[in-house]
$ cat structure.cif   # mmCIF, C-alpha atoms
data_work
#
loop_
_atom_site.label_atom_id
_atom_site.label_comp_id
_atom_site.auth_asym_id
_atom_site.auth_seq_id
_atom_site.Cartn_x
_atom_site.Cartn_y
_atom_site.Cartn_z
CA MET A 3 -19.05 27.04 33.08
CA LYS A 4 -16.30 24.98 34.70
CA ARG A 5 -13.14 24.87 32.62
CA HIS A 6 -10.03 22.75 32.77
CA ALA A 7 -7.32 25.17 33.85
CA GLY A 8 -4.73 25.80 31.18
CA TRP A 9 -6.95 25.47 28.09
CA LEU A 10 -7.82 28.41 25.90
CA GLY A 11 -11.24 29.53 27.05
CA GLY A 12 -13.91 29.60 24.38
CA GLU A 13 -12.04 27.40 21.89
CA ARG A 14 -14.15 24.43 20.84
CA ILE A 15 -12.44 21.17 19.89
CA ALA A 16 -14.34 18.09 18.70
CA VAL A 17 -13.28 14.49 19.26
CA VAL A 18 -14.58 12.02 16.67
CA ASP A 19 -14.62 8.24 16.35
CA PHE A 20 -16.02 6.11 13.54
CA GLU A 21 -16.99 2.45 13.43
CA THR A 22 -16.85 1.21 9.86
CA THR A 23 -17.24 -1.73 7.50
CA GLY A 24 -13.51 -1.84 6.69
CA MET A 25 -10.15 -0.14 6.81
CA GLY A 26 -10.65 2.80 4.47
CA PRO A 27 -13.05 4.61 2.15
CA ASN A 28 -10.69 4.09 -0.77
CA SER A 29 -11.39 0.37 -0.55
CA GLY A 30 -15.16 0.88 -0.52
CA ALA A 31 -15.64 0.86 3.26
CA ARG A 32 -18.29 3.09 4.81
CA ALA A 33 -19.04 4.30 8.31
CA THR A 34 -21.58 2.40 10.41
CA GLU A 35 -21.51 4.63 13.50
CA VAL A 36 -20.10 7.99 14.50
CA GLY A 37 -19.48 9.42 17.95
CA VAL A 38 -18.58 13.05 18.64
CA VAL A 39 -17.59 14.74 21.90
CA VAL A 40 -17.18 18.53 21.93
CA LEU A 41 -14.90 20.25 24.44
CA GLU A 42 -14.85 23.96 25.24
CA GLY A 43 -12.09 25.33 27.42
CA GLY A 44 -11.02 21.72 27.96
CA GLU A 45 -14.42 20.72 29.38
CA ILE A 46 -16.88 18.30 27.74
CA VAL A 47 -19.94 20.33 26.73
CA ASP A 48 -21.69 18.17 24.11
CA ARG A 49 -21.83 14.60 22.86
CA PHE A 50 -23.56 12.92 19.95
CA ALA A 51 -23.68 9.41 18.53
CA SER A 52 -25.67 7.62 15.88
CA LEU A 53 -25.65 4.50 13.79
CA MET A 54 -25.78 5.30 10.09
CA PHE A 55 -27.13 3.32 7.14
CA THR A 56 -25.12 3.26 3.92
CA GLY A 57 -26.18 -0.04 2.33
CA VAL A 58 -22.66 -1.48 2.57
CA PRO A 59 -22.81 -4.77 4.50
CA VAL A 60 -20.90 -5.30 7.73
CA PRO A 61 -18.45 -8.23 7.46
CA PRO A 62 -18.78 -10.90 10.17
CA PHE A 63 -15.41 -10.13 11.78
CA ILE A 64 -16.35 -6.44 12.07
CA GLU A 65 -19.65 -7.40 13.66
CA ARG A 66 -17.80 -9.52 16.20
CA LEU A 67 -15.42 -6.62 16.94
CA THR A 68 -17.99 -3.83 17.28
CA GLY A 69 -21.25 -5.62 17.99
CA ILE A 70 -22.85 -3.64 15.16
CA SER A 71 -24.87 -5.94 12.92
CA ASN A 72 -26.53 -5.47 9.55
CA ALA A 73 -29.89 -5.89 11.28
CA MET A 74 -29.11 -2.98 13.61
CA LEU A 75 -28.36 -0.73 10.65
CA GLU A 76 -31.55 -1.46 8.72
CA ASP A 77 -33.54 1.11 10.72
CA ALA A 78 -30.66 3.56 11.25
CA PRO A 79 -30.86 7.06 9.74
CA GLY A 80 -29.06 7.61 6.46
CA ALA A 81 -25.43 8.63 6.45
CA ARG A 82 -26.14 12.07 4.95
CA GLU A 83 -28.67 12.91 7.67
CA VAL A 84 -26.25 11.82 10.40
CA MET A 85 -23.28 13.71 8.99
CA GLU A 86 -25.36 16.86 8.56
CA ALA A 87 -26.18 16.67 12.29
CA VAL A 88 -22.49 16.15 13.08
CA HIS A 89 -21.51 19.09 10.89
CA GLU A 90 -23.98 21.33 12.71
CA ARG A 91 -22.32 20.46 16.04
CA THR A 92 -18.69 20.66 14.90
CA GLN A 93 -18.58 23.37 12.24
CA GLY A 94 -15.35 25.34 12.62
CA CYS A 95 -13.90 22.97 15.22
CA PRO A 96 -10.44 21.45 14.94
CA MET A 97 -10.88 17.67 15.22
CA VAL A 98 -9.19 15.13 17.45
CA ALA A 99 -9.08 11.36 16.97
CA HIS A 100 -7.08 8.42 18.22
CA ASN A 101 -5.18 7.20 15.17
CA ALA A 102 -6.46 10.21 13.27
CA GLY A 103 -5.34 9.00 9.86
CA PHE A 104 -8.07 6.36 9.96
CA ASP A 105 -10.89 8.58 11.21
CA ARG A 106 -9.91 11.54 9.05
CA GLY A 107 -10.34 9.44 5.91
CA PHE A 108 -13.91 8.58 6.83
CA TRP A 109 -14.58 12.12 8.08
CA VAL A 110 -13.65 13.64 4.73
CA ALA A 111 -15.43 10.95 2.68
CA GLU A 112 -18.69 10.93 4.64
CA MET A 113 -18.80 14.73 4.88
CA GLN A 114 -18.25 14.97 1.13
CA ARG A 115 -21.25 12.71 0.56
CA ALA A 116 -23.22 15.09 2.79
CA GLY A 117 -22.20 18.02 0.60
CA VAL A 118 -19.48 19.39 2.91
CA ASP A 119 -15.85 19.87 1.91
CA ALA A 120 -13.97 18.85 5.07
CA SER A 121 -10.66 18.18 3.37
CA GLN A 122 -8.93 21.10 5.12
CA THR A 123 -10.21 20.36 8.61
CA PRO A 124 -7.26 20.24 11.07
CA PHE A 125 -6.91 16.84 12.75
CA ILE A 126 -4.97 16.23 15.94
CA CYS A 127 -3.86 12.65 16.59
CA THR A 128 -3.75 11.49 20.21
CA VAL A 129 -1.64 8.49 19.16
CA LYS A 130 1.12 10.79 17.87
CA LEU A 131 0.99 12.97 20.97
CA ALA A 132 0.88 9.99 23.33
CA ARG A 133 3.92 8.35 21.75
CA ARG A 134 5.93 11.49 22.46
CA LEU A 135 4.41 12.33 25.86
CA TYR A 136 4.21 8.76 27.21
CA PRO A 137 7.15 6.85 25.74
CA ASP A 138 7.04 4.38 28.65
CA ALA A 139 3.38 3.40 28.21
CA ILE A 140 2.70 -0.32 27.81
CA ASN A 141 1.35 0.50 24.34
CA HIS A 142 -0.33 3.43 22.64
CA LYS A 143 -3.61 1.81 21.73
CA LEU A 144 -6.63 3.59 23.18
CA GLY A 145 -7.49 0.79 25.58
CA GLY A 146 -3.89 0.38 26.66
CA LEU A 147 -3.50 4.08 27.43
CA ALA A 148 -6.87 4.21 29.20
CA GLY A 149 -5.80 1.41 31.52
CA TRP A 150 -2.28 2.75 32.01
CA LEU A 151 -3.60 6.22 32.90
CA ASN A 152 -6.61 4.90 34.83
CA LEU A 153 -9.06 6.90 32.73
CA PRO A 154 -12.80 6.61 33.41
CA ASP A 155 -14.34 3.40 32.02
CA GLN A 156 -16.73 4.23 29.17
CA GLY A 157 -18.04 0.71 28.57
CA ARG A 158 -17.56 -1.44 25.52
CA ALA A 159 -14.63 -0.50 23.30
CA HIS A 160 -15.12 -0.25 19.53
CA ARG A 161 -18.37 1.64 19.89
CA ALA A 162 -18.12 5.18 18.61
CA LEU A 163 -19.30 7.22 21.59
CA ALA A 164 -17.43 5.12 24.15
CA ASP A 165 -14.19 5.48 22.19
CA ALA A 166 -14.76 9.21 21.57
CA LEU A 167 -15.35 9.78 25.30
CA THR A 168 -12.23 7.81 26.20
CA THR A 169 -10.25 9.87 23.69
CA ALA A 170 -11.68 13.09 25.15
CA HIS A 171 -10.57 12.03 28.64
CA LEU A 172 -7.17 11.09 27.22
CA LEU A 173 -6.91 14.57 25.67
CA GLN A 174 -7.71 16.16 29.03
CA ARG A 175 -5.09 14.01 30.78
CA MET A 176 -2.50 14.78 28.11
CA GLY A 177 -3.26 18.46 28.62
CA GLN A 178 -2.22 18.10 32.24
CA GLY A 179 0.98 16.34 31.20
CA LEU A 180 1.80 18.93 28.56
CA ARG A 181 1.33 21.82 30.95
CA GLU A 182 3.69 20.17 33.44
CA LYS A 183 6.27 19.30 30.78
CA LEU A 184 6.11 22.75 29.15
CA ARG A 185 5.46 24.90 32.22
CA GLU A 186 8.47 27.18 31.70
CA PRO A 187 8.29 27.68 27.91
CA LEU A 188 4.52 28.23 28.01
CA GLY A 189 4.95 30.87 30.70
CA GLY A 190 1.33 30.52 31.77
CA ALA A 191 -0.08 30.62 28.23
CA PRO A 192 -2.96 28.20 27.63
CA LEU A 193 -3.01 25.10 25.47
CA HIS A 194 -4.93 25.31 22.22
CA ALA A 195 -5.51 23.23 19.12
CA GLY A 196 -2.93 25.05 17.02
CA LEU A 197 -0.20 24.19 19.49
CA LEU A 198 -1.26 20.54 19.71
CA ASP A 199 -1.28 20.35 15.92
CA ARG A 200 2.29 21.65 15.91
CA LEU A 201 3.52 19.38 18.71
CA GLN A 202 2.18 16.17 17.18
CA ASN A 203 4.56 16.55 14.24
CA LEU A 204 7.68 17.38 16.27
CA PRO A 205 10.02 15.24 18.38
CA ALA A 206 9.54 15.94 22.08
CA GLN A 207 12.92 17.67 22.40
CA ARG A 208 11.66 20.41 20.09
CA TRP A 209 8.44 20.98 22.04
CA PRO A 210 9.82 23.77 24.29
CA THR A 211 10.76 25.90 21.29
CA ALA A 212 7.31 25.38 19.75
CA ALA A 213 5.65 26.22 23.07
CA ARG A 214 7.58 29.50 23.39
CA ALA A 215 6.65 30.48 19.85
CA SER A 216 3.00 29.63 20.49
CA SER A 217 2.95 31.65 23.71
CA SER A 218 4.44 34.68 21.95
CA GLN A 219 2.08 34.43 18.98
CA LEU A 220 -0.97 34.04 21.22
CA ALA A 221 0.03 37.06 23.29
CA LYS A 222 0.38 39.16 20.13
CA SER A 223 -3.02 38.01 18.87
CA LEU A 224 -4.71 38.86 22.16
CA GLN A 225 -3.00 42.25 22.25
CA ALA A 226 -4.14 43.01 18.70
CA ALA A 227 -7.72 42.13 19.65
CA LEU A 228 -7.84 44.67 22.50
CA PRO A 229 -9.73 47.90 21.81
CA VAL A 230 -7.55 50.87 20.93
#
$ encode --input "structure.cif" --output "structure tokens"
Amino acid sequence: MKRHAGWLGGERIAVVDFETTGMGPNSGARATEVGVVVLEGGEIVDRFASLMFTGVPVPPFIERLTGISNAMLEDAPGAREVMEAVHERTQGCPMVAHNAGFDRGFWVAEMQRAGVDASQTPFICTVKLARRLYPDAINHKLGGLAGWLNLPDQGRAHRALADALTTAHLLQRMGQGLREKLREPLGGAPLHAGLLDRLQNLPAQRWPTAARASSSQLAKSLQAALPV
């Protein structure tokens, strides 16, 4: 299988995007659509999307934004069924989302309703990484970054699969930028979710130190895994 050079081979990372009835599950909002894109070795290997019925009505302004109407959801599969299918595809994967605080809230809430405790799932935020990697970007919204970086057009924004695919392409592009920026401290070591999770919470000037530590730790782990 083709891989994007510089990513840890075999590691699966899942990009998720939700369309919803409101800003957060704590205010009673529910998901209306989920899109998931799975990458392995930096390459897109799977994608999934589905509307999901919860019984919570879609406000008119949300319908105008997403194009998802209450009528469209009447025949959609139930949220539990959809999230069980998502869990099957993403089990054990670190997650990535653009503005991950928003999507993580719905991820945890909808998975919990499906009987899955996802509260400890690692989430990587492409907004946080982009702000540090692309400080000169016109803005750090998904559409703004997609245009600024000339990413492939995925169609209508604010639909779950289109936004998840755009985020996946953004992650791939950021991988290229990170490898260039951290070429010396990485010393040829691959990118992986654990490193991205660390970098998103650090100012860019501290990235080289984190990259060196990651490279050393990964080398030790690989050495320990070799047969005696």
$ resolve_selection --input "structure.cif" --expression "the PyMOL selection byres ((chain A and resi 73-77) around 10)" --output "list of chain:residue names"
A:Thr34, A:Glu35, A:Leu53, A:Met54, A:Phe55, A:Thr56, A:Gly57, A:Val58, A:Pro59, A:Val60, A:Gly69, A:Ile70, A:Ser71, A:Asn72, A:Ala78, A:Pro79, A:Gly80
$ resolve_selection --input "structure.cif" --expression "the PyMOL selection byres ((chain A and resi 123) around 9)" --output "number ranges by chain"
A: 94-97, 106, 110, 119-122, 124-125
$ residues_around --input "structure.cif" --residues "A:Val98" --least-positions-apart "5" --cutoff "12 Å" --atoms "all atoms listed in the file" --output "PyMOL selection string"
chain A and resi 14-20+37-41+92+103-106+109+123-131+165-174+195-196+198-199+202
$ residues_near_point --input "structure.cif" --point "(-21.8, 5.3, 21.3)" --cutoff "7 Å" --atoms "all atoms listed in the file" --output "number ranges by chain"
A: 37, 51, 161-164
$ atom_distance --input "structure.cif" --atom1 "atom CA of A:Trp9" --atom2 "atom CA of A:Pro192"
4.9 Å
$ residues_around --input "structure.cif" --residues "A:Arg200" --least-positions-apart "6" --cutoff "10 Å" --atoms "only C-alpha atoms" --output "PyMOL selection string"
chain A and resi 126+209+212-213+216
